[in-house]
file run34.txt (compact mmCIF, N, CA and C atoms and all ligand atoms)
# COMPACT_ATOMS: atom_id res chain seq x y z
N MET Z 229 92.88 96.76 77.29
CA MET Z 229 93.59 97.97 76.82
C MET Z 229 93.05 99.20 77.53
N GLY Z 230 91.76 99.15 77.88
CA GLY Z 230 91.17 100.26 78.62
C GLY Z 230 91.89 100.52 79.92
N ALA Z 231 92.36 99.44 80.52
CA ALA Z 231 93.06 99.58 81.80
C ALA Z 231 94.30 100.45 81.65
N LEU Z 232 94.96 100.32 80.51
CA LEU Z 232 96.16 101.13 80.28
C LEU Z 232 95.81 102.60 80.22
N ALA Z 233 94.75 102.93 79.51
CA ALA Z 233 94.36 104.32 79.35
C ALA Z 233 93.95 104.94 80.68
N GLU Z 234 93.36 104.10 81.55
CA GLU Z 234 92.87 104.62 82.82
C GLU Z 234 93.94 104.60 83.91
N ARG Z 235 95.12 104.13 83.58
CA ARG Z 235 96.16 103.97 84.60
C ARG Z 235 96.54 105.32 85.19
N PRO Z 236 96.50 105.43 86.54
CA PRO Z 236 96.89 106.71 87.15
C PRO Z 236 98.40 106.93 87.01
N PRO Z 237 98.85 108.18 87.09
CA PRO Z 237 100.28 108.48 86.88
C PRO Z 237 101.20 107.78 87.87
N TYR Z 238 100.69 107.44 89.07
CA TYR Z 238 101.55 106.77 90.05
C TYR Z 238 101.67 105.27 89.80
N GLN Z 239 100.90 104.73 88.86
CA GLN Z 239 101.10 103.32 88.46
C GLN Z 239 102.05 103.34 87.27
N LYS Z 240 103.35 103.06 87.55
CA LYS Z 240 104.39 103.32 86.55
C LYS Z 240 104.49 102.23 85.49
N PHE Z 241 104.15 101.00 85.85
CA PHE Z 241 104.23 99.91 84.88
C PHE Z 241 102.88 99.22 84.76
N ALA Z 242 102.63 98.70 83.56
CA ALA Z 242 101.37 98.01 83.31
C ALA Z 242 101.38 96.65 84.01
N VAL Z 243 100.35 96.41 84.80
CA VAL Z 243 100.18 95.12 85.46
C VAL Z 243 98.73 94.69 85.29
N ARG Z 244 98.48 93.43 85.50
CA ARG Z 244 97.09 92.95 85.51
C ARG Z 244 96.86 92.10 86.74
N VAL Z 245 95.62 92.06 87.16
CA VAL Z 245 95.23 91.25 88.31
C VAL Z 245 94.63 89.96 87.78
N ALA Z 246 95.16 88.84 88.23
CA ALA Z 246 94.69 87.54 87.75
C ALA Z 246 94.83 86.51 88.86
N ARG Z 247 94.21 85.37 88.68
CA ARG Z 247 94.32 84.27 89.64
C ARG Z 247 95.78 83.92 89.87
N SER Z 248 96.12 83.71 91.13
CA SER Z 248 97.51 83.42 91.50
C SER Z 248 97.61 82.02 92.07
N ARG Z 249 98.75 81.37 91.83
CA ARG Z 249 99.00 80.07 92.45
C ARG Z 249 99.31 80.23 93.93
N ILE Z 250 99.69 81.46 94.33
CA ILE Z 250 100.03 81.69 95.73
C ILE Z 250 98.77 81.81 96.58
N ASP Z 251 97.90 82.75 96.23
CA ASP Z 251 96.69 82.96 97.02
C ASP Z 251 95.73 83.87 96.28
N GLY Z 252 94.52 83.41 96.07
CA GLY Z 252 93.49 84.27 95.49
C GLY Z 252 93.93 84.91 94.19
N PHE Z 253 93.91 86.24 94.17
CA PHE Z 253 94.36 86.99 93.01
C PHE Z 253 95.75 87.55 93.28
N GLY Z 254 96.48 87.77 92.19
CA GLY Z 254 97.81 88.35 92.31
C GLY Z 254 98.02 89.38 91.22
N VAL Z 255 99.17 90.03 91.27
CA VAL Z 255 99.52 91.08 90.31
C VAL Z 255 100.60 90.53 89.37
N PHE Z 256 100.35 90.65 88.07
CA PHE Z 256 101.29 90.11 87.08
C PHE Z 256 101.76 91.23 86.15
N ALA Z 257 103.06 91.21 85.84
CA ALA Z 257 103.64 92.23 84.96
C ALA Z 257 103.10 92.07 83.55
N GLU Z 258 102.68 93.17 82.94
CA GLU Z 258 102.24 93.15 81.55
C GLU Z 258 103.32 93.71 80.63
N GLU Z 259 104.40 94.21 81.22
CA GLU Z 259 105.54 94.68 80.44
C GLU Z 259 106.77 94.42 81.31
N PRO Z 260 107.97 94.34 80.70
CA PRO Z 260 109.17 94.08 81.50
C PRO Z 260 109.40 95.24 82.48
N ILE Z 261 109.76 94.89 83.71
CA ILE Z 261 110.03 95.90 84.74
C ILE Z 261 111.51 95.80 85.12
N PRO Z 262 112.30 96.82 84.87
CA PRO Z 262 113.73 96.78 85.22
C PRO Z 262 113.91 96.80 86.74
N PRO Z 263 115.10 96.43 87.22
CA PRO Z 263 115.34 96.43 88.67
C PRO Z 263 115.30 97.82 89.29
N ARG Z 264 114.91 97.87 90.56
CA ARG Z 264 115.02 99.07 91.41
C ARG Z 264 114.24 100.27 90.86
N LEU Z 265 113.10 99.99 90.26
CA LEU Z 265 112.23 101.09 89.81
C LEU Z 265 110.88 101.00 90.51
N LYS Z 266 110.24 102.15 90.63
CA LYS Z 266 108.90 102.17 91.22
C LYS Z 266 107.92 101.51 90.27
N ILE Z 267 107.16 100.55 90.78
CA ILE Z 267 106.15 99.87 89.97
C ILE Z 267 104.82 100.60 90.09
N GLY Z 268 104.44 100.92 91.31
CA GLY Z 268 103.17 101.61 91.50
C GLY Z 268 102.93 101.86 92.97
N GLU Z 269 101.71 102.28 93.28
CA GLU Z 269 101.32 102.60 94.66
C GLU Z 269 99.94 102.03 94.94
N ILE Z 270 99.63 101.97 96.22
CA ILE Z 270 98.24 101.73 96.63
C ILE Z 270 97.77 103.00 97.32
N ARG Z 271 96.70 103.54 96.85
CA ARG Z 271 96.08 104.66 97.56
C ARG Z 271 94.72 104.21 98.07
N GLY Z 272 94.27 104.83 99.12
CA GLY Z 272 93.00 104.41 99.69
C GLY Z 272 92.57 105.37 100.77
N GLU Z 273 91.69 104.86 101.63
CA GLU Z 273 91.11 105.69 102.68
C GLU Z 273 92.07 105.76 103.88
N ALA Z 274 92.44 106.95 104.30
CA ALA Z 274 93.29 107.11 105.48
C ALA Z 274 92.44 106.99 106.73
N ILE Z 275 92.82 106.07 107.62
CA ILE Z 275 92.08 105.84 108.86
C ILE Z 275 93.09 105.73 110.01
N SER Z 276 92.60 105.73 111.24
CA SER Z 276 93.49 105.57 112.38
C SER Z 276 93.91 104.11 112.50
N VAL Z 277 95.06 103.88 113.14
CA VAL Z 277 95.53 102.51 113.36
C VAL Z 277 94.51 101.72 114.19
N ALA Z 278 93.89 102.40 115.18
CA ALA Z 278 92.87 101.72 116.00
C ALA Z 278 91.70 101.26 115.13
N GLU Z 279 91.26 102.12 114.22
CA GLU Z 279 90.17 101.75 113.31
C GLU Z 279 90.63 100.63 112.38
N ALA Z 280 91.88 100.69 111.93
CA ALA Z 280 92.42 99.64 111.05
C ALA Z 280 92.37 98.29 111.73
N ARG Z 281 92.77 98.25 113.01
CA ARG Z 281 92.80 96.97 113.73
C ARG Z 281 91.38 96.46 113.95
N ARG Z 282 90.43 97.40 114.16
CA ARG Z 282 89.04 96.99 114.31
C ARG Z 282 88.52 96.36 113.02
N ARG Z 283 88.84 97.03 111.88
CA ARG Z 283 88.37 96.51 110.58
C ARG Z 283 89.04 95.19 110.23
N ALA Z 284 90.30 95.02 110.66
CA ALA Z 284 91.06 93.82 110.28
C ALA Z 284 90.65 92.60 111.09
N ALA Z 285 90.08 92.83 112.27
CA ALA Z 285 89.78 91.72 113.18
C ALA Z 285 88.90 90.68 112.50
N GLY Z 286 89.36 89.46 112.48
CA GLY Z 286 88.55 88.35 111.99
C GLY Z 286 88.42 88.23 110.49
N GLN Z 287 89.16 89.05 109.74
CA GLN Z 287 89.07 88.94 108.28
C GLN Z 287 90.24 88.13 107.73
N GLN Z 288 89.93 87.29 106.74
CA GLN Z 288 90.96 86.46 106.14
C GLN Z 288 91.83 87.26 105.17
N ARG Z 289 91.20 88.06 104.35
CA ARG Z 289 91.96 88.84 103.38
C ARG Z 289 91.76 90.31 103.70
N ILE Z 290 92.83 90.96 104.05
CA ILE Z 290 92.71 92.35 104.43
C ILE Z 290 93.56 93.21 103.51
N MET Z 291 93.14 94.43 103.35
CA MET Z 291 93.84 95.35 102.46
C MET Z 291 94.11 96.63 103.22
N ILE Z 292 94.66 96.49 104.41
CA ILE Z 292 94.97 97.64 105.23
C ILE Z 292 96.46 97.65 105.52
N VAL Z 293 97.10 98.79 105.31
CA VAL Z 293 98.53 98.92 105.58
C VAL Z 293 98.72 100.08 106.55
N GLU Z 294 99.45 99.81 107.63
CA GLU Z 294 99.78 100.88 108.57
C GLU Z 294 100.95 101.68 108.01
N VAL Z 295 100.75 102.99 107.85
CA VAL Z 295 101.79 103.82 107.24
C VAL Z 295 102.53 104.66 108.27
N SER Z 296 102.04 104.67 109.50
CA SER Z 296 102.75 105.32 110.60
C SER Z 296 102.19 104.72 111.89
N THR Z 297 102.65 105.21 113.05
CA THR Z 297 102.13 104.67 114.30
C THR Z 297 100.67 105.09 114.51
N LYS Z 298 100.22 106.11 113.80
CA LYS Z 298 98.86 106.62 114.00
C LYS Z 298 97.91 106.37 112.82
N THR Z 299 98.48 106.25 111.63
CA THR Z 299 97.66 106.25 110.42
C THR Z 299 97.80 104.95 109.63
N ALA Z 300 96.69 104.53 109.03
CA ALA Z 300 96.70 103.37 108.15
C ALA Z 300 95.90 103.70 106.89
N ILE Z 301 96.16 102.94 105.84
CA ILE Z 301 95.42 103.10 104.60
C ILE Z 301 94.59 101.85 104.38
N ASP Z 302 93.28 102.03 104.24
CA ASP Z 302 92.38 100.92 103.90
C ASP Z 302 92.14 100.98 102.39
N ALA Z 303 92.67 99.97 101.69
CA ALA Z 303 92.59 99.96 100.23
C ALA Z 303 91.46 99.07 99.73
N SER Z 304 90.54 98.70 100.63
CA SER Z 304 89.45 97.79 100.24
C SER Z 304 88.64 98.31 99.06
N LYS Z 305 88.44 99.63 99.01
CA LYS Z 305 87.63 100.19 97.94
C LYS Z 305 88.49 100.84 96.85
N SER Z 306 89.80 100.65 96.95
CA SER Z 306 90.71 101.21 95.96
C SER Z 306 90.62 100.44 94.65
N SER Z 307 90.92 101.09 93.53
CA SER Z 307 90.99 100.38 92.25
C SER Z 307 92.44 100.14 91.84
N ASP Z 308 93.38 100.42 92.74
CA ASP Z 308 94.79 100.24 92.40
C ASP Z 308 95.14 98.75 92.36
N PRO Z 309 95.68 98.27 91.24
CA PRO Z 309 95.95 96.83 91.14
C PRO Z 309 96.97 96.33 92.15
N MET Z 310 97.89 97.19 92.58
CA MET Z 310 98.96 96.73 93.47
C MET Z 310 98.42 96.22 94.81
N ARG Z 311 97.15 96.55 95.12
CA ARG Z 311 96.58 96.07 96.38
C ARG Z 311 96.45 94.56 96.39
N PHE Z 312 96.51 93.92 95.22
CA PHE Z 312 96.42 92.46 95.15
C PHE Z 312 97.79 91.78 95.23
N THR Z 313 98.85 92.54 95.47
CA THR Z 313 100.19 91.96 95.51
C THR Z 313 100.28 90.91 96.62
N ASN Z 314 100.72 89.72 96.25
CA ASN Z 314 100.85 88.63 97.22
C ASN Z 314 102.20 88.66 97.91
N HIS Z 315 102.23 87.97 99.05
CA HIS Z 315 103.49 87.80 99.78
C HIS Z 315 104.29 86.65 99.19
N SER Z 316 105.61 86.81 99.13
CA SER Z 316 106.49 85.68 98.89
C SER Z 316 107.66 85.79 99.84
N CYS Z 317 108.15 84.64 100.28
CA CYS Z 317 109.34 84.64 101.13
C CYS Z 317 110.59 84.90 100.28
N ALA Z 318 110.46 84.82 98.95
CA ALA Z 318 111.54 85.17 98.03
C ALA Z 318 110.99 86.16 97.00
N PRO Z 319 110.70 87.38 97.44
CA PRO Z 319 109.97 88.33 96.59
C PRO Z 319 110.84 88.94 95.48
N ASN Z 320 110.17 89.47 94.45
CA ASN Z 320 110.90 90.19 93.39
C ASN Z 320 110.68 91.70 93.48
N ALA Z 321 109.94 92.11 94.50
CA ALA Z 321 109.69 93.54 94.70
C ALA Z 321 109.63 93.80 96.20
N ARG Z 322 109.60 95.08 96.55
CA ARG Z 322 109.48 95.41 97.97
C ARG Z 322 108.48 96.53 98.15
N LEU Z 323 107.89 96.54 99.35
CA LEU Z 323 106.91 97.54 99.70
C LEU Z 323 107.64 98.59 100.52
N GLN Z 324 107.45 99.83 100.19
CA GLN Z 324 108.09 100.90 100.94
C GLN Z 324 107.04 101.91 101.39
N ILE Z 325 107.04 102.20 102.69
CA ILE Z 325 106.14 103.21 103.22
C ILE Z 325 106.92 104.51 103.32
N ARG Z 326 106.49 105.52 102.63
CA ARG Z 326 107.20 106.80 102.68
C ARG Z 326 106.21 107.94 102.61
N ASP Z 327 106.28 108.83 103.60
CA ASP Z 327 105.39 110.00 103.65
C ASP Z 327 103.92 109.59 103.53
N GLY Z 328 103.57 108.49 104.20
CA GLY Z 328 102.18 108.05 104.18
C GLY Z 328 101.76 107.37 102.90
N ARG Z 329 102.73 107.11 102.02
CA ARG Z 329 102.41 106.45 100.76
C ARG Z 329 102.87 105.00 100.78
N ILE Z 330 102.11 104.14 100.11
CA ILE Z 330 102.45 102.73 100.01
C ILE Z 330 102.98 102.50 98.59
N GLU Z 331 104.28 102.35 98.48
CA GLU Z 331 104.92 102.26 97.16
C GLU Z 331 105.55 100.89 96.97
N PHE Z 332 105.59 100.45 95.73
CA PHE Z 332 106.19 99.17 95.37
C PHE Z 332 107.36 99.42 94.43
N TYR Z 333 108.51 98.81 94.75
CA TYR Z 333 109.70 98.92 93.92
C TYR Z 333 110.19 97.53 93.54
N SER Z 334 110.66 97.38 92.30
CA SER Z 334 111.22 96.10 91.88
C SER Z 334 112.58 95.90 92.55
N LEU Z 335 112.85 94.65 92.96
CA LEU Z 335 114.16 94.31 93.52
C LEU Z 335 115.09 93.83 92.42
N ARG Z 336 114.51 93.24 91.39
CA ARG Z 336 115.27 92.71 90.25
C ARG Z 336 114.40 92.87 89.02
N ALA Z 337 114.94 92.48 87.86
CA ALA Z 337 114.15 92.55 86.63
C ALA Z 337 112.98 91.58 86.74
N ILE Z 338 111.80 92.05 86.39
CA ILE Z 338 110.59 91.23 86.41
C ILE Z 338 110.11 91.07 84.98
N THR Z 339 109.88 89.83 84.57
CA THR Z 339 109.52 89.56 83.18
C THR Z 339 108.01 89.60 82.99
N VAL Z 340 107.60 89.73 81.73
CA VAL Z 340 106.18 89.75 81.39
C VAL Z 340 105.52 88.47 81.89
N ASP Z 341 104.36 88.60 82.49
CA ASP Z 341 103.56 87.50 83.05
C ASP Z 341 104.09 86.96 84.37
N GLU Z 342 105.20 87.50 84.86
CA GLU Z 342 105.69 87.06 86.17
C GLU Z 342 104.85 87.73 87.26
N GLU Z 343 104.54 86.97 88.32
CA GLU Z 343 103.80 87.55 89.42
C GLU Z 343 104.71 88.46 90.25
N VAL Z 344 104.21 89.65 90.56
CA VAL Z 344 104.94 90.59 91.41
C VAL Z 344 104.63 90.24 92.87
N THR Z 345 105.68 90.04 93.66
CA THR Z 345 105.50 89.66 95.06
C THR Z 345 106.39 90.51 95.95
N VAL Z 346 105.93 90.68 97.19
CA VAL Z 346 106.72 91.39 98.20
C VAL Z 346 106.73 90.57 99.48
N ASN Z 347 107.66 90.88 100.35
CA ASN Z 347 107.64 90.29 101.69
C ASN Z 347 106.82 91.22 102.58
N TYR Z 348 105.69 90.73 103.06
CA TYR Z 348 104.79 91.57 103.85
C TYR Z 348 105.42 92.03 105.16
N GLY Z 349 106.36 91.22 105.66
CA GLY Z 349 106.90 91.55 106.97
C GLY Z 349 105.83 91.33 108.02
N GLU Z 350 105.71 92.28 108.92
CA GLU Z 350 104.73 92.15 110.00
C GLU Z 350 103.33 92.40 109.44
N THR Z 351 102.45 91.44 109.61
CA THR Z 351 101.09 91.60 109.10
C THR Z 351 100.09 91.43 110.23
N HIS Z 352 98.86 91.75 109.91
CA HIS Z 352 97.79 91.59 110.89
C HIS Z 352 97.50 90.12 111.18
N HIS Z 353 97.98 89.24 110.29
CA HIS Z 353 97.67 87.82 110.49
C HIS Z 353 98.49 87.22 111.62
N GLU Z 354 99.62 87.83 111.96
CA GLU Z 354 100.43 87.41 113.10
C GLU Z 354 100.75 85.93 113.08
N GLY Z 355 101.12 85.43 111.92
CA GLY Z 355 101.57 84.05 111.83
C GLY Z 355 100.46 83.01 111.84
N ARG Z 356 99.22 83.44 111.69
CA ARG Z 356 98.12 82.49 111.77
C ARG Z 356 97.70 81.94 110.41
N LEU Z 357 98.22 82.52 109.32
CA LEU Z 357 97.88 82.02 107.99
C LEU Z 357 99.07 81.25 107.41
N ALA Z 358 98.77 80.17 106.70
CA ALA Z 358 99.83 79.41 106.05
C ALA Z 358 100.33 80.16 104.83
N CYS Z 359 101.65 80.16 104.62
CA CYS Z 359 102.21 80.74 103.40
C CYS Z 359 102.35 79.65 102.36
N ARG Z 360 101.86 79.93 101.15
CA ARG Z 360 101.94 78.94 100.08
C ARG Z 360 102.77 79.46 98.91
N CYS Z 361 103.74 80.33 99.21
CA CYS Z 361 104.49 80.96 98.12
C CYS Z 361 105.34 79.95 97.36
N GLY Z 362 105.73 78.86 98.04
CA GLY Z 362 106.49 77.82 97.36
C GLY Z 362 107.96 78.14 97.14
N ALA Z 363 108.43 79.26 97.67
CA ALA Z 363 109.83 79.64 97.48
C ALA Z 363 110.73 78.77 98.36
N PRO Z 364 111.93 78.46 97.87
CA PRO Z 364 112.87 77.76 98.74
C PRO Z 364 113.12 78.64 99.99
N GLY Z 365 113.08 78.04 101.15
CA GLY Z 365 113.29 78.82 102.37
C GLY Z 365 112.03 79.50 102.88
N CYS Z 366 110.88 79.12 102.31
CA CYS Z 366 109.59 79.68 102.77
C CYS Z 366 109.43 79.45 104.26
N ILE Z 367 109.05 80.51 104.98
CA ILE Z 367 108.92 80.36 106.43
C ILE Z 367 107.59 79.68 106.81
N GLY Z 368 106.70 79.50 105.84
CA GLY Z 368 105.51 78.68 106.04
C GLY Z 368 104.33 79.34 106.69
N LYS Z 369 104.49 80.60 107.08
CA LYS Z 369 103.35 81.29 107.69
C LYS Z 369 103.42 82.78 107.41
N LEU Z 370 102.25 83.41 107.57
CA LEU Z 370 102.16 84.86 107.39
C LEU Z 370 101.77 85.48 108.73
ZN ZN N 1 106.51 81.56 101.85

call {"tool": "encode", "arguments": {"input": "run34.txt", "output": "structure tokens"}}
result
Amino acid sequence: MGALAERPPYQKFAVRVARSRIDGFGVFAEEPIPPRLKIGEIRGEAISVAEARRRAAGQQRIMIVEVSTKTAIDASKSSDPMRFTNHSCAPNARLQIRDGRIEFYSLRAITVDEEVTVNYGETHHEGRLACRCGAPGCIGKL
């Protein structure tokens, strides 16, 4: 319950971080999320894309998002739960980069306890990690 009280204003819906069947930890809805609404954001340290690529090199789990051709956000030390959002080839949410912000919006209604997933699109893994999302039509790699 403490997590709710400490929720920043940009985290619009209550979520929790828990073990995921997809990979490591994931983000799960703690309340129903209607379609096409902002779920939350990831905020973190703004760094250069060159620094982001240096930090990402050789890491299995990375929490860096490029928000422009020059700038990236390193969310490694962030407390925002959305940073644990897993990839799915059939996601129920989407990641939107706008004005240097990393925002998450629901694509459809998300039910309580459902894992929130997005399609990462282009990632630092460059197809070297296996995708285990289990969705029909899974492309099998990240
Ligand atoms: Zn997949």

call {"tool": "select_by_dssp", "arguments": {"input": "run34.txt", "residues": "stretch 293-339 of chain Z", "states": "helix (DSSP H, G or I)", "output": "list in words"}}
result
Pro309, Met310, Arg311 and Phe312 of chain Z

call {"tool": "write_last_selection", "arguments": {"input": "run34.txt", "atoms": "N, CA and C atoms", "output": "mmCIF file, keeping the file's coordinate frame"}}
result
data_model
loop_
_atom_site.group_PDB
_atom_site.id
_atom_site.type_symbol
_atom_site.label_atom_id
_atom_site.label_comp_id
_atom_site.auth_asym_id
_atom_site.auth_seq_id
_atom_site.Cartn_x
_atom_site.Cartn_y
_atom_site.Cartn_z
ATOM 1 N N PRO Z 309 95.680 98.270 91.240
ATOM 2 C CA PRO Z 309 95.950 96.830 91.140
ATOM 3 C C PRO Z 309 96.970 96.330 92.150
ATOM 4 N N MET Z 310 97.890 97.190 92.580
ATOM 5 C CA MET Z 310 98.960 96.730 93.470
ATOM 6 C C MET Z 310 98.420 96.220 94.810
ATOM 7 N N ARG Z 311 97.150 96.550 95.120
ATOM 8 C CA ARG Z 311 96.580 96.070 96.380
ATOM 9 C C ARG Z 311 96.450 94.560 96.390
ATOM 10 N N PHE Z 312 96.510 93.920 95.220
ATOM 11 C CA PHE Z 312 96.420 92.460 95.150
ATOM 12 C C PHE Z 312 97.790 91.780 95.230
#

call {"tool": "residues_near_ligand", "arguments": {"input": "run34.txt", "ligand": "ligand ZN 1 (chain N)", "cutoff": "12 Å", "atoms": "only C-alpha atoms and all ligand atoms", "output": "number ranges by chain"}}
result
Z: 250-251, 314-319, 345-349, 355, 357-370

call {"tool": "closest_residue", "arguments": {"input": "run34.txt", "among": "Z:Ala242, Z:Thr339, Z:Phe312, Z:Asp302", "to": "Z:Glu279", "atoms": "only C-alpha atoms"}}
result
Z:Asp302

call {"tool": "atom_distance", "arguments": {"input": "run34.txt", "atom1": "atom CA of Z:Gly252", "atom2": "atom CA of Z:Gln239"}}
result
21.7 Å

call {"tool": "atom_distance", "arguments": {"input": "run34.txt", "atom1": "atom N of Z:Leu265", "atom2": "atom N of Z:Glu331"}}
result
12.3 Å

call {"tool": "residues_around", "arguments": {"input": "run34.txt", "residues": "stretch 281-293 of chain Z", "least_positions_apart": "6", "cutoff": "5 Å", "atoms": "all atoms listed in the file", "output": "PyMOL selection string"}}
result
chain Z and resi 300-304

call {"tool": "closest_residue", "arguments": {"input": "run34.txt", "among": "Z:Phe241, Z:Arg271, Z:Arg247, Z:Pro263", "to": "Z:Leu335", "atoms": "all atoms listed in the file"}}
result
Z:Pro263

call {"tool": "closest_residue", "arguments": {"input": "run34.txt", "among": "Z:Glu269, Z:Ser276, Z:Glu259, Z:Arg311", "to": "Z:Ile330", "atoms": "all atoms listed in the file"}}
result
Z:Glu269

call {"tool": "closest_residue", "arguments": {"input": "run34.txt", "among": "Z:Lys298, Z:Lys266, Z:Arg249, Z:Arg235", "to": "Z:Ala278", "atoms": "only N, CA and C atoms"}}
result
Z:Lys298

call {"tool": "closest_residue", "arguments": {"input": "run34.txt", "among": "Z:Leu323, Z:Arg329, Z:Glu234, Z:Lys305", "to": "Z:Glu273", "atoms": "only N, CA and C atoms"}}
result
Z:Lys305
